[in-house]
Amino acid sequence: MAGNVPSVDFAIIGGSGTLSSDFPKNFAGANVLADNLFFNTPYGKSPAFRLCTVADKNFLTCKMHGWRSGVTRADSSRQVFWTLRAAGVKRILSEGGVGTVNRLLNPRDLLIPDDYLDMSTRKDVQLDGRYLLIMRDALCPELRGKLLAAAKKFFTGRIFERGIYAVTDGRHFESPAEISMLNGHADIVGQSLAPEVYLAREIGACYANLSFVVNYGEGIRVWSHEVMREIFFDDARLIGNILLDAITNTAAERSCQCRELRKETLLTEIYDSKED
Ligand SMILES: [Zn+2]
């Protein structure tokens with residue numbers, strides 16, 4: 001534990017899926033232990049965190065990946081992951097809405113990505129750079145399995161247990177030409193999986209993501225903002241329930257290889273080994 005950051009094993013990085021639900025207030029079995037926790041990080045004051053509990057497991061959560069106006073997304077991500085490292089978090093779940101690239105997907109499909117393609121330009125996002133990050137199985141196989149089992153309990157629609165998430169910068173959506181270029185290389189497109197996936201590896205934590213389709217990629221089919229709005233509000237309880245069930249059924253002790261895929265950098269002339 002660093003400073004006043006509470007020690008927890010788990011974290012949920014909320015996205016658009018849980019935003020409208022005041023997650024995890026009013027979810028069965030979950031309680032908020034402390035609200036509006038802010039922490040001073042080397043990258044500025046953190047977003048508001050909640051310290052919560054479900055099934056005797058404590059976790060930290062924040063809204064919308066820590067994004068807020070006046071703070072760059074790169075700094076938001078570093079504030080979030082600096083805090084999660086200080087808390088000693090071992091396992092991180094995230095969620096968010098995505099667009100389609102794969103022509104077989106529809107709005108309201110759920111997908112648990114097993115790989116990613118980072119098309120964003122935020123290449124310099126790191127905490128201290130002391131590790132070589134090997135991005136094999138970057139989305140923790142063990143956590144993905146827990147998300148899949150939880151999704152099957154609560155959702156009767158289509159669930160895809162693998163897929164490639166293409167990360168773009170946003171905030172705008174993609175052009176038809178960009179979606180066309182991604183076709184064959186990715187299944188879904190969104191703006192939040194990177195840099196989170198490699199910041200998670202940098203702090204030695206497992207990371208997995210639950211994506212739900214809210215719109216067709218441009219040029220695939222015309223989509224309706226009204227449908228996107230309905231999904232945004234209707235599915236918040238579903239997404240929240242899946243995340244809480246996954247934490248309930250996940251041990252803090254790990255049988256995956258995530259920790260071994262982070263190595264001390266050999267580039268010691270460039271990066272010293274200070275923590276912050
Ligand atoms: Zn893992």
# chains A, B, ... in the order shown; residues from 1 in each chain; ligands from 1
>>> closest_atom_pairs(of="chain A", to="ligand 1", cutoff="10 Å", atoms="only C-alpha atoms and all ligand atoms", output="tab-separated table")
residue	atom	partner	partner_atom_place_in_ligand_line	distance
A:Lys90	CA	ligand 1	1 (Zn)	8.4
A:Arg91	CA	ligand 1	1 (Zn)	7.2
A:Ile92	CA	ligand 1	1 (Zn)	9.2
A:Asp137	CA	ligand 1	1 (Zn)	8.4
A:Ala138	CA	ligand 1	1 (Zn)	8.3
A:Leu139	CA	ligand 1	1 (Zn)	7.5
A:Cys140	CA	ligand 1	1 (Zn)	4.2
A:Pro141	CA	ligand 1	1 (Zn)	6.4
A:Glu142	CA	ligand 1	1 (Zn)	5.8
A:Leu143	CA	ligand 1	1 (Zn)	6.4
A:Arg144	CA	ligand 1	1 (Zn)	9.0
A:Arg201	CA	ligand 1	1 (Zn)	9.3
A:Gly204	CA	ligand 1	1 (Zn)	9.0
A:Ala205	CA	ligand 1	1 (Zn)	7.0
A:Cys206	CA	ligand 1	1 (Zn)	4.0
A:Tyr207	CA	ligand 1	1 (Zn)	6.7
A:Ala208	CA	ligand 1	1 (Zn)	8.4
A:Glu253	CA	ligand 1	1 (Zn)	9.7
A:Arg254	CA	ligand 1	1 (Zn)	6.5
A:Ser255	CA	ligand 1	1 (Zn)	7.3
A:Cys256	CA	ligand 1	1 (Zn)	4.6
A:Gln257	CA	ligand 1	1 (Zn)	5.9
A:Cys258	CA	ligand 1	1 (Zn)	4.4
A:Arg259	CA	ligand 1	1 (Zn)	7.1
A:Glu260	CA	ligand 1	1 (Zn)	9.6
A:Leu261	CA	ligand 1	1 (Zn)	9.7
>>> write_last_selection(atoms="C-alpha atoms", output="PDB file, in the first residue's frame")
ATOM      1  CA  LYS A  90      -3.455  -8.383  -9.366  1.00  0.00           C
ATOM      2  CA  ARG A  91      -6.485  -8.795 -11.613  1.00  0.00           C
ATOM      3  CA  ILE A  92      -8.262  -6.167 -13.695  1.00  0.00           C
ATOM      4  CA  ASP A 137      -1.730 -13.771 -24.145  1.00  0.00           C
ATOM      5  CA  ALA A 138      -2.099 -10.087 -23.280  1.00  0.00           C
ATOM      6  CA  LEU A 139      -5.750 -10.682 -22.411  1.00  0.00           C
ATOM      7  CA  CYS A 140      -5.446 -13.108 -19.493  1.00  0.00           C
ATOM      8  CA  PRO A 141      -6.776 -16.557 -20.513  1.00  0.00           C
ATOM      9  CA  GLU A 142      -7.873 -17.311 -16.961  1.00  0.00           C
ATOM     10  CA  LEU A 143      -9.833 -14.064 -16.571  1.00  0.00           C
ATOM     11  CA  ARG A 144     -11.356 -14.472 -20.032  1.00  0.00           C
ATOM     12  CA  ARG A 201       1.191  -5.861 -17.943  1.00  0.00           C
ATOM     13  CA  GLY A 204       2.185  -7.110 -13.289  1.00  0.00           C
ATOM     14  CA  ALA A 205      -1.603  -7.470 -13.279  1.00  0.00           C
ATOM     15  CA  CYS A 206      -3.878  -9.721 -15.320  1.00  0.00           C
ATOM     16  CA  TYR A 207      -6.238  -7.872 -17.641  1.00  0.00           C
ATOM     17  CA  ALA A 208      -9.351  -8.948 -19.551  1.00  0.00           C
ATOM     18  CA  GLU A 253      -3.976 -16.447  -6.647  1.00  0.00           C
ATOM     19  CA  ARG A 254      -3.111 -16.988 -10.270  1.00  0.00           C
ATOM     20  CA  SER A 255      -2.507 -20.027 -12.432  1.00  0.00           C
ATOM     21  CA  CYS A 256      -1.897 -17.985 -15.605  1.00  0.00           C
ATOM     22  CA  GLN A 257       1.433 -16.831 -17.046  1.00  0.00           C
ATOM     23  CA  CYS A 258       0.747 -13.068 -17.024  1.00  0.00           C
ATOM     24  CA  ARG A 259       3.366 -12.193 -14.426  1.00  0.00           C
ATOM     25  CA  GLU A 260       6.113 -14.115 -16.230  1.00  0.00           C
ATOM     26  CA  LEU A 261       5.521 -12.100 -19.408  1.00  0.00           C
TER      27      LEU A 261
END
>>> atom_distance(atom1="atom CA of Ala48 of chain A", atom2="atom CA of Val5 of chain A")
12.1 Å
>>> residues_around(residues="Ala177 of chain A", least_positions_apart="2", cutoff="12 Å", atoms="only C-alpha atoms", output="list in words")
Val101, Phe173, Glu174, Ser175, Ile179, Ser180, Met181, Leu182, Asn183, Gly217, Glu218, Gly219 and Ile220 of chain A
>>> write_last_selection(atoms="C-alpha atoms", output="short mmCIF file (atom, residue, chain, number, x, y, z; two decimals), in the first residue's frame")
data_model
loop_
_atom_site.label_atom_id
_atom_site.label_comp_id
_atom_site.auth_asym_id
_atom_site.auth_seq_id
_atom_site.Cartn_x
_atom_site.Cartn_y
_atom_site.Cartn_z
CA VAL A 101 -15.43 -4.72 -38.15
CA PHE A 173 -15.61 7.03 -34.87
CA GLU A 174 -13.85 5.49 -37.86
CA SER A 175 -14.35 6.31 -41.52
CA ILE A 179 -13.16 0.08 -41.23
CA SER A 180 -12.46 -1.42 -44.66
CA MET A 181 -8.72 -1.39 -43.95
CA LEU A 182 -9.25 -3.17 -40.61
CA ASN A 183 -11.47 -5.84 -42.18
CA GLY A 217 -18.60 -0.06 -38.30
CA GLU A 218 -19.10 2.68 -40.86
CA GLY A 219 -19.70 1.29 -44.33
CA ILE A 220 -20.92 -2.11 -43.08
#
>>> closest_atom_pairs(of="segment 125-153 of chain A", to="segment 40-43 of chain A", cutoff="12 Å", atoms="only C-alpha atoms", output="Markdown table")
| residue | atom | partner | partner_atom | distance |
| --- | --- | --- | --- | --- |
| A:Val125 | CA | A:Tyr43 | CA | 11.3 |
| A:Gln126 | CA | A:Tyr43 | CA | 11.0 |
| A:Leu127 | CA | A:Tyr43 | CA | 9.3 |
| A:Asp128 | CA | A:Pro42 | CA | 10.8 |
>>> residues_around(residues="segment 106-122 of chain A", least_positions_apart="3", cutoff="7 Å", atoms="only C-alpha atoms", output="list in words")
Ala74, Val125, Ala138, Leu139, Arg144, Gly157, Arg158, Ile159, Phe160, Glu161, Arg162, Gly163, Ile164, Tyr165, Ala166, Val167, Thr168, Asp169, Ala194, Asn209, Leu210, Ser211, Phe212, Val213, Val214, Asn215 and Tyr216 of chain A
>>> decode(residues="segment 112-151 of chain A", atoms="C-alpha atoms", output="PDB file, in the first residue's frame")
ATOM      1  CA  ILE A 112     -14.385 -11.262 -24.939  1.00  0.00           C
ATOM      2  CA  PRO A 113     -11.320 -10.321 -26.999  1.00  0.00           C
ATOM      3  CA  ASP A 114      -8.254 -12.551 -26.927  1.00  0.00           C
ATOM      4  CA  ASP A 115      -5.939 -10.231 -28.854  1.00  0.00           C
ATOM      5  CA  TYR A 116      -5.681  -6.644 -29.984  1.00  0.00           C
ATOM      6  CA  LEU A 117      -4.301  -4.415 -32.695  1.00  0.00           C
ATOM      7  CA  ASP A 118      -3.189  -1.009 -31.437  1.00  0.00           C
ATOM      8  CA  MET A 119      -3.847   1.606 -34.129  1.00  0.00           C
ATOM      9  CA  SER A 120      -3.694   4.450 -31.639  1.00  0.00           C
ATOM     10  CA  THR A 121      -0.853   6.950 -31.611  1.00  0.00           C
ATOM     11  CA  ARG A 122      -0.403   6.895 -27.810  1.00  0.00           C
ATOM     12  CA  LYS A 123       2.849   4.978 -28.061  1.00  0.00           C
ATOM     13  CA  ASP A 124       4.609   6.755 -25.213  1.00  0.00           C
ATOM     14  CA  VAL A 125       2.175   5.690 -22.495  1.00  0.00           C
ATOM     15  CA  GLN A 126       4.017   3.896 -19.732  1.00  0.00           C
ATOM     16  CA  LEU A 127       4.680   4.360 -16.043  1.00  0.00           C
ATOM     17  CA  ASP A 128       8.444   4.036 -15.707  1.00  0.00           C
ATOM     18  CA  GLY A 129       9.591   1.814 -18.570  1.00  0.00           C
ATOM     19  CA  ARG A 130      11.670  -0.530 -16.451  1.00  0.00           C
ATOM     20  CA  TYR A 131      10.092  -3.649 -17.950  1.00  0.00           C
ATOM     21  CA  LEU A 132      10.114  -5.398 -21.274  1.00  0.00           C
ATOM     22  CA  LEU A 133       6.456  -6.235 -21.853  1.00  0.00           C
ATOM     23  CA  ILE A 134       5.810  -9.416 -23.810  1.00  0.00           C
ATOM     24  CA  MET A 135       2.292  -9.174 -25.208  1.00  0.00           C
ATOM     25  CA  ARG A 136       1.673 -12.895 -25.633  1.00  0.00           C
ATOM     26  CA  ASP A 137      -1.730 -13.771 -24.145  1.00  0.00           C
ATOM     27  CA  ALA A 138      -2.099 -10.087 -23.280  1.00  0.00           C
ATOM     28  CA  LEU A 139      -5.750 -10.682 -22.411  1.00  0.00           C
ATOM     29  CA  CYS A 140      -5.446 -13.108 -19.493  1.00  0.00           C
ATOM     30  CA  PRO A 141      -6.776 -16.557 -20.513  1.00  0.00           C
ATOM     31  CA  GLU A 142      -7.873 -17.311 -16.961  1.00  0.00           C
ATOM     32  CA  LEU A 143      -9.833 -14.064 -16.571  1.00  0.00           C
ATOM     33  CA  ARG A 144     -11.356 -14.472 -20.032  1.00  0.00           C
ATOM     34  CA  GLY A 145     -12.656 -17.850 -18.958  1.00  0.00           C
ATOM     35  CA  LYS A 146     -14.264 -16.322 -15.874  1.00  0.00           C
ATOM     36  CA  LEU A 147     -15.894 -13.587 -17.970  1.00  0.00           C
ATOM     37  CA  LEU A 148     -17.218 -16.176 -20.417  1.00  0.00           C
ATOM     38  CA  ALA A 149     -18.717 -18.330 -17.663  1.00  0.00           C
ATOM     39  CA  ALA A 150     -20.323 -15.269 -16.082  1.00  0.00           C
ATOM     40  CA  ALA A 151     -21.675 -13.979 -19.398  1.00  0.00           C
TER      41      ALA A 151
END
